[in-house]
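Below is one structure; the comments refer to it alone.
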Amino acid sequence: MHWHWYLVGFAALAVAAQAGFGIAAITMYWLPPWFRGRVVRPKLWGWGAVAGAGGMALFMFLGPFHGPDSDFTSYALGGMALFVMGQAAQIMGQRPSGREVVLPDTEE
């Protein structure tokens, strides 16, 4: 039973860190070092991070961490939809893959 609170604490810390990274990207154009090579639109990436963190918080704390009560299921699923939209915004803020497209040789 006590492991539940460790999971809740870790999840809250992860969501807060994601929101913090998003706020830093929106306000100061600062990105974590492991994203600096890929992200070309920090503000868009930051808004996606904030939306994703908010959606994940809604999902977790009104869904599985809330308990078996089904009164909040629609809010939890709305949070998951917000999370997915935030992740899509973060992907749009990144550059396309660095790999070159190699087309097959059709001429002989």
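Each chain in the structure tokens gets a letter, A, B and so on, in the order shown; residues start at 1 in every chain, and ligands are counted from 1 in the order they appear.
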**Item:** Residue neighbourhood Ile26 (chain A), 9 Å, only C-alpha atoms, exclusion window fewer than 2 positions, as a ChimeraX atom specification
**Value:** /A:21-24,28-30,42-47
Any chance you could export the current selection's all heavy atoms as a compact mmCIF listing (two decimals), in the first residue's frame?
```txt
# COMPACT_ATOMS: atom_id res chain seq x y z
N PHE A 21 10.05 22.55 -17.82
CA PHE A 21 10.81 22.65 -19.06
C PHE A 21 10.01 23.42 -20.10
O PHE A 21 10.56 24.23 -20.86
CB PHE A 21 11.17 21.27 -19.61
CG PHE A 21 12.23 20.55 -18.83
CD1 PHE A 21 12.21 19.18 -18.72
CD2 PHE A 21 13.26 21.24 -18.21
CE1 PHE A 21 13.18 18.50 -18.02
CE2 PHE A 21 14.24 20.57 -17.51
CZ PHE A 21 14.20 19.20 -17.42
N GLY A 22 8.71 23.18 -20.17
CA GLY A 22 7.87 23.89 -21.13
C GLY A 22 7.80 25.38 -20.85
O GLY A 22 7.90 26.20 -21.75
N ILE A 23 7.64 25.74 -19.58
CA ILE A 23 7.59 27.16 -19.21
C ILE A 23 8.91 27.85 -19.50
O ILE A 23 8.94 28.98 -20.00
CB ILE A 23 7.17 27.31 -17.74
CG1 ILE A 23 5.70 26.89 -17.59
CG2 ILE A 23 7.39 28.73 -17.24
CD1 ILE A 23 5.25 26.75 -16.16
N ALA A 24 10.02 27.16 -19.23
CA ALA A 24 11.34 27.73 -19.55
C ALA A 24 11.51 27.92 -21.05
O ALA A 24 12.09 28.92 -21.49
CB ALA A 24 12.45 26.83 -19.00
N MET A 28 11.91 31.82 -21.88
CA MET A 28 13.33 32.17 -22.06
C MET A 28 13.99 31.47 -23.24
O MET A 28 15.19 31.58 -23.42
CB MET A 28 14.11 31.82 -20.78
CG MET A 28 13.64 32.56 -19.56
SD MET A 28 14.58 32.11 -18.09
CE MET A 28 14.17 30.40 -17.88
N TYR A 29 13.20 30.70 -24.01
CA TYR A 29 13.74 29.91 -25.13
C TYR A 29 14.83 28.95 -24.65
O TYR A 29 15.71 28.59 -25.42
CB TYR A 29 14.28 30.81 -26.25
CG TYR A 29 13.19 31.60 -26.93
CD1 TYR A 29 12.88 32.88 -26.50
CD2 TYR A 29 12.47 31.06 -27.97
CE1 TYR A 29 11.88 33.61 -27.11
CE2 TYR A 29 11.47 31.78 -28.59
CZ TYR A 29 11.18 33.05 -28.16
OH TYR A 29 10.19 33.77 -28.77
N TRP A 30 14.77 28.52 -23.40
CA TRP A 30 15.74 27.58 -22.85
C TRP A 30 15.20 26.17 -23.01
O TRP A 30 14.04 25.89 -22.75
CB TRP A 30 16.00 27.85 -21.37
CG TRP A 30 17.03 26.94 -20.80
CD1 TRP A 30 18.37 27.14 -20.81
CD2 TRP A 30 16.81 25.68 -20.16
NE1 TRP A 30 19.00 26.07 -20.21
CE2 TRP A 30 18.06 25.16 -19.81
CE3 TRP A 30 15.67 24.94 -19.87
CZ2 TRP A 30 18.22 23.94 -19.17
CZ3 TRP A 30 15.83 23.71 -19.23
CH2 TRP A 30 17.08 23.24 -18.89
N PRO A 42 11.39 26.51 -30.14
CA PRO A 42 11.28 26.26 -28.71
C PRO A 42 9.94 26.66 -28.10
O PRO A 42 9.47 26.01 -27.18
CB PRO A 42 12.41 27.07 -28.10
CG PRO A 42 13.26 27.54 -29.20
CD PRO A 42 12.50 27.39 -30.46
N LYS A 43 9.35 27.74 -28.60
CA LYS A 43 8.08 28.17 -28.03
C LYS A 43 6.97 27.15 -28.30
O LYS A 43 6.19 26.83 -27.40
CB LYS A 43 7.69 29.54 -28.60
CG LYS A 43 7.31 30.50 -27.55
CD LYS A 43 7.08 31.87 -28.12
CE LYS A 43 6.84 32.77 -26.93
NZ LYS A 43 6.65 34.12 -27.25
N LEU A 44 6.89 26.65 -29.51
CA LEU A 44 5.90 25.63 -29.84
C LEU A 44 6.16 24.36 -29.03
O LEU A 44 5.23 23.76 -28.49
CB LEU A 44 5.94 25.32 -31.34
CG LEU A 44 5.00 24.22 -31.83
CD1 LEU A 44 3.55 24.60 -31.56
CD2 LEU A 44 5.24 23.96 -33.30
N TRP A 45 7.42 23.97 -28.92
CA TRP A 45 7.78 22.80 -28.12
C TRP A 45 7.38 23.02 -26.66
O TRP A 45 6.85 22.10 -26.02
CB TRP A 45 9.29 22.55 -28.24
CG TRP A 45 9.72 21.30 -27.54
CD1 TRP A 45 9.79 20.06 -28.07
CD2 TRP A 45 10.13 21.19 -26.17
NE1 TRP A 45 10.23 19.18 -27.12
CE2 TRP A 45 10.45 19.85 -25.95
CE3 TRP A 45 10.26 22.10 -25.13
CZ2 TRP A 45 10.88 19.38 -24.71
CZ3 TRP A 45 10.70 21.64 -23.89
CH2 TRP A 45 11.01 20.30 -23.69
N GLY A 46 7.58 24.23 -26.15
CA GLY A 46 7.23 24.53 -24.77
C GLY A 46 5.74 24.48 -24.52
O GLY A 46 5.28 23.94 -23.51
N TRP A 47 4.95 25.03 -25.45
CA TRP A 47 3.50 24.96 -25.30
C TRP A 47 3.03 23.51 -25.34
O TRP A 47 2.11 23.11 -24.62
CB TRP A 47 2.79 25.78 -26.36
CG TRP A 47 2.77 27.23 -26.05
CD1 TRP A 47 3.44 28.22 -26.73
CD2 TRP A 47 2.09 27.88 -24.97
NE1 TRP A 47 3.20 29.44 -26.13
CE2 TRP A 47 2.37 29.26 -25.05
CE3 TRP A 47 1.28 27.43 -23.94
CZ2 TRP A 47 1.87 30.18 -24.14
CZ3 TRP A 47 0.77 28.35 -23.03
CH2 TRP A 47 1.07 29.70 -23.15
```
**Filtered DSSP result for region 11-108 of chain A, state helix (DSSP H, G or I), as number ranges by chain** = A: 11-28, 33-35, 42-62, 73-92
Given the selection you just returned, output its residues as a file containing C-alpha atoms, formatted as a PDB file, in the first residue's frame.
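Listed below is the output, result.pdb:
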```pdb
ATOM      1  CA  ALA A  11       4.479  10.947 -11.256  1.00  0.00           C
ATOM      2  CA  ALA A  12       3.864  14.401  -9.780  1.00  0.00           C
ATOM      3  CA  LEU A  13       7.595  15.160  -9.967  1.00  0.00           C
ATOM      4  CA  ALA A  14       7.796  14.031 -13.609  1.00  0.00           C
ATOM      5  CA  VAL A  15       4.753  16.103 -14.625  1.00  0.00           C
ATOM      6  CA  ALA A  16       6.087  19.157 -12.769  1.00  0.00           C
ATOM      7  CA  ALA A  17       9.486  18.788 -14.474  1.00  0.00           C
ATOM      8  CA  GLN A  18       7.867  18.562 -17.903  1.00  0.00           C
ATOM      9  CA  ALA A  19       5.766  21.651 -17.197  1.00  0.00           C
ATOM     10  CA  GLY A  20       8.851  23.469 -15.909  1.00  0.00           C
ATOM     11  CA  PHE A  21      10.810  22.651 -19.057  1.00  0.00           C
ATOM     12  CA  GLY A  22       7.871  23.888 -21.132  1.00  0.00           C
ATOM     13  CA  ILE A  23       7.589  27.160 -19.207  1.00  0.00           C
ATOM     14  CA  ALA A  24      11.341  27.727 -19.545  1.00  0.00           C
ATOM     15  CA  ALA A  25      11.104  27.126 -23.303  1.00  0.00           C
ATOM     16  CA  ILE A  26       8.165  29.529 -23.666  1.00  0.00           C
ATOM     17  CA  THR A  27       9.551  32.377 -21.584  1.00  0.00           C
ATOM     18  CA  MET A  28      13.330  32.172 -22.060  1.00  0.00           C
ATOM     19  CA  PRO A  33      20.580  20.047 -23.288  1.00  0.00           C
ATOM     20  CA  TRP A  34      19.367  16.754 -24.752  1.00  0.00           C
ATOM     21  CA  PHE A  35      16.766  18.566 -26.894  1.00  0.00           C
ATOM     22  CA  PRO A  42      11.283  26.256 -28.706  1.00  0.00           C
ATOM     23  CA  LYS A  43       8.079  28.174 -28.030  1.00  0.00           C
ATOM     24  CA  LEU A  44       5.904  25.627 -29.842  1.00  0.00           C
ATOM     25  CA  TRP A  45       7.784  22.801 -28.123  1.00  0.00           C
ATOM     26  CA  GLY A  46       7.230  24.529 -24.771  1.00  0.00           C
ATOM     27  CA  TRP A  47       3.497  24.956 -25.298  1.00  0.00           C
ATOM     28  CA  GLY A  48       3.332  21.285 -26.215  1.00  0.00           C
ATOM     29  CA  ALA A  49       5.207  20.354 -23.058  1.00  0.00           C
ATOM     30  CA  VAL A  50       2.880  22.410 -20.860  1.00  0.00           C
ATOM     31  CA  ALA A  51      -0.223  20.986 -22.561  1.00  0.00           C
ATOM     32  CA  GLY A  52       1.176  17.470 -22.296  1.00  0.00           C
ATOM     33  CA  ALA A  53       1.976  17.905 -18.611  1.00  0.00           C
ATOM     34  CA  GLY A  54      -1.481  19.274 -17.891  1.00  0.00           C
ATOM     35  CA  GLY A  55      -3.148  16.478 -19.809  1.00  0.00           C
ATOM     36  CA  MET A  56      -1.089  13.807 -18.095  1.00  0.00           C
ATOM     37  CA  ALA A  57      -1.847  15.317 -14.688  1.00  0.00           C
ATOM     38  CA  LEU A  58      -5.570  15.288 -15.466  1.00  0.00           C
ATOM     39  CA  PHE A  59      -5.379  11.708 -16.641  1.00  0.00           C
ATOM     40  CA  MET A  60      -3.344  10.401 -13.727  1.00  0.00           C
ATOM     41  CA  PHE A  61      -5.008  12.184 -10.864  1.00  0.00           C
ATOM     42  CA  LEU A  62      -8.596  11.854 -12.109  1.00  0.00           C
ATOM     43  CA  THR A  73     -13.616   8.951 -16.520  1.00  0.00           C
ATOM     44  CA  SER A  74     -14.538  11.525 -19.161  1.00  0.00           C
ATOM     45  CA  TYR A  75     -12.167  14.076 -17.575  1.00  0.00           C
ATOM     46  CA  ALA A  76      -9.387  11.502 -17.414  1.00  0.00           C
ATOM     47  CA  LEU A  77      -9.853  10.617 -21.094  1.00  0.00           C
ATOM     48  CA  GLY A  78      -9.951  14.324 -21.962  1.00  0.00           C
ATOM     49  CA  GLY A  79      -6.640  14.660 -20.147  1.00  0.00           C
ATOM     50  CA  MET A  80      -5.187  11.862 -22.261  1.00  0.00           C
ATOM     51  CA  ALA A  81      -6.401  13.619 -25.429  1.00  0.00           C
ATOM     52  CA  LEU A  82      -4.756  16.849 -24.236  1.00  0.00           C
ATOM     53  CA  PHE A  83      -1.546  14.905 -23.565  1.00  0.00           C
ATOM     54  CA  VAL A  84      -1.537  13.492 -27.105  1.00  0.00           C
ATOM     55  CA  MET A  85      -2.157  16.941 -28.602  1.00  0.00           C
ATOM     56  CA  GLY A  86       0.700  18.332 -26.512  1.00  0.00           C
ATOM     57  CA  GLN A  87       3.008  15.601 -27.748  1.00  0.00           C
ATOM     58  CA  ALA A  88       1.998  16.385 -31.329  1.00  0.00           C
ATOM     59  CA  ALA A  89       2.883  20.053 -30.748  1.00  0.00           C
ATOM     60  CA  GLN A  90       6.259  19.019 -29.353  1.00  0.00           C
ATOM     61  CA  ILE A  91       6.915  16.892 -32.432  1.00  0.00           C
ATOM     62  CA  MET A  92       6.003  19.831 -34.698  1.00  0.00           C
TER      63      MET A  92
END
```
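Taking CA of Val40 (chain A) and CA of Pro96 (chain A) as the two end points, the separation is 9.7 Å.
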**Complete:** A straight line from CA of Phe10 (chain A) to CA of Pro32 (chain A) spans 19.5 Å
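Separating CA of Gly9 (chain A) from CA of Ser70 (chain A) is a distance of 22.8 Å.
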